[in-house]
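Just run_20.pdb here, PDB, C-alpha atoms:
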ATOM      1  CA  MET A   5     -12.796  -1.151  11.313
ATOM      2  CA  LEU A   6     -11.060  -4.034   9.564
ATOM      3  CA  MET A   7      -7.803  -3.150  11.331
ATOM      4  CA  VAL A   8      -9.708  -3.210  14.624
ATOM      5  CA  LEU A   9     -11.129  -6.627  13.735
ATOM      6  CA  ILE A  10      -7.665  -7.995  12.940
ATOM      7  CA  ASN A  11      -6.174  -6.505  16.119
ATOM      8  CA  VAL A  12      -8.898  -7.859  18.397
ATOM      9  CA  ILE A  13      -8.753 -11.354  16.924
ATOM     10  CA  ALA A  14      -4.941 -11.367  16.956
ATOM     11  CA  HIS A  15      -4.992 -10.142  20.580
ATOM     12  CA  HIS A  16      -7.181 -13.071  21.617
ATOM     13  CA  ASN A  17      -4.862 -15.489  19.815
ATOM     14  CA  ARG A  18      -1.778 -13.857  21.328
ATOM     15  CA  LYS A  19      -0.493 -13.218  17.829
ATOM     16  CA  SER A  20       0.861 -10.038  16.240
ATOM     17  CA  PRO A  21      -0.718  -8.849  13.003
ATOM     18  CA  SER A  22       1.597  -8.546  10.028
ATOM     19  CA  ILE A  23       2.159  -5.205   8.316
ATOM     20  CA  ARG A  24       1.946  -7.030   4.976
ATOM     21  CA  VAL A  25      -1.516  -8.307   5.892
ATOM     22  CA  TYR A  26      -2.551  -4.774   6.882
ATOM     23  CA  PHE A  27      -1.354  -3.464   3.533
ATOM     24  CA  LEU A  28      -3.114  -6.244   1.601
ATOM     25  CA  ILE A  29      -6.392  -5.708   3.492
ATOM     26  CA  ILE A  30      -6.216  -1.946   2.897
ATOM     27  CA  LEU A  31      -5.532  -2.539  -0.810
ATOM     28  CA  LEU A  32      -8.426  -5.002  -1.154
ATOM     29  CA  ASN A  33     -10.714  -2.657   0.785
ATOM     30  CA  TYR A  34      -9.774   0.164  -1.580
ATOM     31  CA  ILE A  35     -10.474  -2.060  -4.603
ATOM     32  CA  MET A  36     -13.834  -3.084  -3.139
ATOM     33  CA  LEU A  37     -14.857   0.515  -2.458
ATOM     34  CA  TYR A  38     -13.510   1.814  -5.781
ATOM     35  CA  LEU A  39     -15.417  -0.780  -7.798
ATOM     36  CA  GLY A  40     -18.572  -0.002  -5.840
ATOM     37  CA  TYR A  41     -18.051   3.698  -6.462
ATOM     38  CA  ARG A  42     -17.485   3.137 -10.195
ATOM     39  CA  GLY A  43     -20.577   0.968 -10.329
ATOM     40  CA  GLU A  44     -22.652   3.915  -9.157
ATOM     41  CA  PHE A  45     -21.929   5.707 -12.431
ATOM     42  CA  VAL A  46     -22.374   2.762 -14.782
ATOM     43  CA  LYS A  47     -25.921   1.594 -14.219
ATOM     44  CA  ARG A  48     -26.718  -2.085 -14.535
ATOM     45  CA  ASN A  49     -23.079  -3.101 -14.912
ATOM     46  CA  ILE A  50     -22.850  -6.304 -12.930
ATOM     47  CA  LEU A  51     -19.059  -6.535 -13.358
ATOM     48  CA  TYR A  52     -18.437  -3.787 -10.785
ATOM     49  CA  PHE A  53     -20.802  -5.491  -8.358
ATOM     50  CA  ILE A  54     -19.133  -8.895  -8.815
ATOM     51  CA  GLY A  55     -15.616  -7.422  -8.666
ATOM     52  CA  SER A  56     -16.426  -5.544  -5.490
ATOM     53  CA  PHE A  57     -17.816  -8.666  -3.817
ATOM     54  CA  LEU A  58     -14.822 -10.685  -5.025
ATOM     55  CA  ALA A  59     -12.442  -8.245  -3.285
ATOM     56  CA  PHE A  60     -14.705  -8.429  -0.214
ATOM     57  CA  PHE A  61     -14.593 -12.244  -0.081
ATOM     58  CA  ILE A  62     -10.822 -12.338  -0.596
ATOM     59  CA  MET A  63     -10.338  -9.733   2.132
ATOM     60  CA  PHE A  64     -12.476 -11.570   4.665
ATOM     61  CA  GLY A  65     -11.008 -14.917   3.588
ATOM     62  CA  ILE A  66      -7.508 -13.680   4.391
ATOM     63  CA  ILE A  67      -8.627 -12.478   7.812
ATOM     64  CA  PHE A  68     -10.432 -15.748   8.505
ATOM     65  CA  PHE A  69      -7.681 -18.125   7.410
ATOM     66  CA  LEU A  70      -4.793 -16.162   8.962
ATOM     67  CA  TYR A  71      -6.338 -15.026  12.249
ATOM     68  CA  VAL A  72      -9.641 -16.734  13.053
ATOM     69  CA  LYS A  73      -9.316 -20.360  11.950
ATOM     70  CA  PRO A  74      -5.838 -21.289  13.271
ATOM     71  CA  LYS A  75      -6.921 -21.108  16.930
ATOM     72  CA  TYR A  76     -10.560 -21.674  17.863
ATOM     73  CA  ASN A  77     -12.033 -18.963  20.057
ATOM     74  CA  THR A  78     -15.807 -18.488  20.282
ATOM     75  CA  PHE A  79     -15.489 -14.714  20.685
ATOM     76  CA  ASN A  80     -13.298 -14.447  17.560
ATOM     77  CA  TYR A  81     -15.684 -16.522  15.467
ATOM     78  CA  ALA A  82     -18.707 -14.537  16.673
ATOM     79  CA  LEU A  83     -17.000 -11.199  16.076
ATOM     80  CA  PHE A  84     -15.713 -12.234  12.646
ATOM     81  CA  PHE A  85     -19.061 -13.516  11.398
ATOM     82  CA  PHE A  86     -20.870 -10.486  12.821
ATOM     83  CA  PHE A  87     -18.518  -8.252  10.805
ATOM     84  CA  PHE A  88     -18.869 -10.490   7.757
ATOM     85  CA  ILE A  89     -22.678 -10.394   7.814
ATOM     86  CA  VAL A  90     -22.980  -6.663   8.487
ATOM     87  CA  TRP A  91     -20.384  -5.752   5.853
ATOM     88  CA  SER A  92     -21.966  -8.048   3.273
ATOM     89  CA  LEU A  93     -25.265  -6.235   3.807
ATOM     90  CA  TYR A  94     -23.630  -3.089   2.410
ATOM     91  CA  GLY A  95     -23.186  -4.896  -0.895
ATOM     92  CA  ILE A  96     -26.764  -6.120  -0.931
ATOM     93  CA  VAL A  97     -28.159  -2.689  -0.046
ATOM     94  CA  TYR A  98     -26.015  -1.257  -2.879
ATOM     95  CA  LYS A  99     -28.602  -2.568  -5.349
ATOM     96  CA  MET A 100     -31.513  -0.624  -3.742
ATOM     97  CA  ASP A 101     -32.996   2.633  -4.985
ATOM     98  CA  LEU A 102     -31.189   5.791  -3.823
ATOM     99  CA  LYS A 103     -33.536   6.803  -0.978
ATOM    100  CA  ASN A 104     -33.736   3.366   0.645
ATOM    101  CA  LYS A 105     -30.033   2.789   0.081
ATOM    102  CA  ASN A 106     -29.049   5.956   1.957
ATOM    103  CA  ILE A 107     -31.386   5.227   4.856
ATOM    104  CA  THR A 108     -30.199   1.640   5.163
ATOM    105  CA  TYR A 109     -26.533   2.673   4.887
ATOM    106  CA  ASN A 110     -27.038   4.973   7.863
ATOM    107  CA  TYR A 111     -28.441   2.109   9.940
ATOM    108  CA  LEU A 112     -25.617  -0.182   8.851
ATOM    109  CA  ASP A 113     -23.071   2.510   9.785
ATOM    110  CA  LEU A 114     -24.714   2.826  13.184
ATOM    111  CA  VAL A 115     -24.340  -0.906  13.796
ATOM    112  CA  SER A 116     -20.976  -1.517  12.137
ATOM    113  CA  LYS A 117     -19.162   1.504  13.510
ATOM    114  CA  CYS A 118     -20.898   2.947  16.542
ATOM    115  CA  PHE A 119     -22.264  -0.159  18.254
ATOM    116  CA  VAL A 120     -19.219  -2.289  17.456
ATOM    117  CA  GLY A 121     -16.847   0.431  18.673
ATOM    118  CA  ILE A 122     -18.783   1.006  21.876
ATOM    119  CA  GLY A 123     -19.187  -2.748  22.394
ATOM    120  CA  LEU A 124     -15.458  -3.389  22.019
ATOM    121  CA  TRP A 125     -14.680  -0.474  24.314
ATOM    122  CA  LEU A 126     -17.020  -1.895  26.975
ATOM    123  CA  TYR A 127     -15.568  -5.374  26.527
ATOM    124  CA  PHE A 128     -11.900  -4.364  26.753
ATOM    125  CA  THR A 129     -12.395  -1.948  29.637
ATOM    126  CA  ASN A 130     -14.197  -4.697  31.581
ATOM    127  CA  MET A 131     -17.119  -2.394  32.313
ATOM    128  CA  PHE A 132     -19.477  -5.378  31.980
ATOM    129  CA  LYS A 133     -18.608  -8.964  32.746
ATOM    130  CA  LEU A 134     -20.001 -11.640  30.431
TER     131      LEU A 134
END

Show me this structure written as structure tokens.
Amino acid sequence: MLMVLINVIAHHNRKSPSIRVYFLIILLNYIMLYLGYRGEFVKRNILYFIGSFLAFFIMFGIIFFLYVKPKYNTFNYALFFFFFIVWSLYGIVYKMDLKNKNITYNYLDLVSKCFVGIGLWLYFTNMFKL
């Protein structure tokens, strides 16, 4: 989904995404997910939580400063901050008990993957005019 975010924002700015940026975002995403995964097995270790959020902020900072900020576009800002808020909720929900965490993750997946994917499909196919 992060590659989709970069591509959509770059498309609106008439800019081509860099393969180096793709690689860096994928690496940071892996680090974020790996630290979160490791944190599941080491209870109450705040270092995994902080490290995961640090990778998250760096990843979104790169996307913001390279693709969103250079050329103002309301759609790009709205899409970026929607992604940022929804993805940051994953990290907050991470601290919940197992049952509530799994339920909330399913709702977040529904919003962040299904609704965003369908929404972008509707937008780019011009099925609905805004």

Which residues, named as in the file, does the PyMOL selection byres ((chain A and resi 77-92) around 9) pick out? Answer as a list in words.
Leu6, Leu9, Val12, Ile13, Ala14, His16, Asn17, Phe57, Phe60, Phe64, Ile67, Phe68, Tyr71, Val72, Lys73, Lys75, Tyr76, Leu93, Tyr94, Gly95, Ile96, Val97, Leu112, Val115, Ser116 and Val120 of chain A

Practice prompt. Determine the residue set returned by the PyMOL selection byres ((chain A and resi 33) around 9) for the present structure, and present it as a ChimeraX atom specification.
Written response: /A:6,28-32,34-38,56,59-60,63

Using only C-alpha atoms, please write the residues we just selected to a file, as a PDB file, keeping the file's coordinate frame.
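The result, written out as result.pdb:
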ATOM      1  CA  LEU A   6     -11.060  -4.034   9.564  1.00  0.00           C
ATOM      2  CA  LEU A  28      -3.114  -6.244   1.601  1.00  0.00           C
ATOM      3  CA  ILE A  29      -6.392  -5.708   3.492  1.00  0.00           C
ATOM      4  CA  ILE A  30      -6.216  -1.946   2.897  1.00  0.00           C
ATOM      5  CA  LEU A  31      -5.532  -2.539  -0.810  1.00  0.00           C
ATOM      6  CA  LEU A  32      -8.426  -5.002  -1.154  1.00  0.00           C
ATOM      7  CA  TYR A  34      -9.774   0.164  -1.580  1.00  0.00           C
ATOM      8  CA  ILE A  35     -10.474  -2.060  -4.603  1.00  0.00           C
ATOM      9  CA  MET A  36     -13.834  -3.084  -3.139  1.00  0.00           C
ATOM     10  CA  LEU A  37     -14.857   0.515  -2.458  1.00  0.00           C
ATOM     11  CA  TYR A  38     -13.510   1.814  -5.781  1.00  0.00           C
ATOM     12  CA  SER A  56     -16.426  -5.544  -5.490  1.00  0.00           C
ATOM     13  CA  ALA A  59     -12.442  -8.245  -3.285  1.00  0.00           C
ATOM     14  CA  PHE A  60     -14.705  -8.429  -0.214  1.00  0.00           C
ATOM     15  CA  MET A  63     -10.338  -9.733   2.132  1.00  0.00           C
TER      16      MET A  63
END

Atomic distance atom CA of Glu44 of chain A - atom CA of Thr108 of chain A, expressed in Å with one decimal: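 Distance between the two atoms: 16.3 Å.
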
- prompt: Mind pulling up the distance from atom CA of Arg18 of chain A to atom CA of Pro74 of chain A?
  reply: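 Distance between the two atoms: 11.7 Å.
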
Next item on the list: Using the chain letters and residue numbers of this document, give as a PyMOL selection string the residues selected by the PyMOL selection byres ((chain A and resi 21) around 10).
Entry: chain A and resi 7+10-15+18-20+22-26+70-71

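Each of A:Leu39, A:Phe45, A:Thr129, A:Gly123 was compared to Leu58 of chain A using only C-alpha atoms, and A:Leu39 turns out to be the nearest.
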
Separating atom CA of Ile62 of chain A from atom CA of Met5 of chain A, to the nearest tenth of an Å, is a gap of 16.5 Å
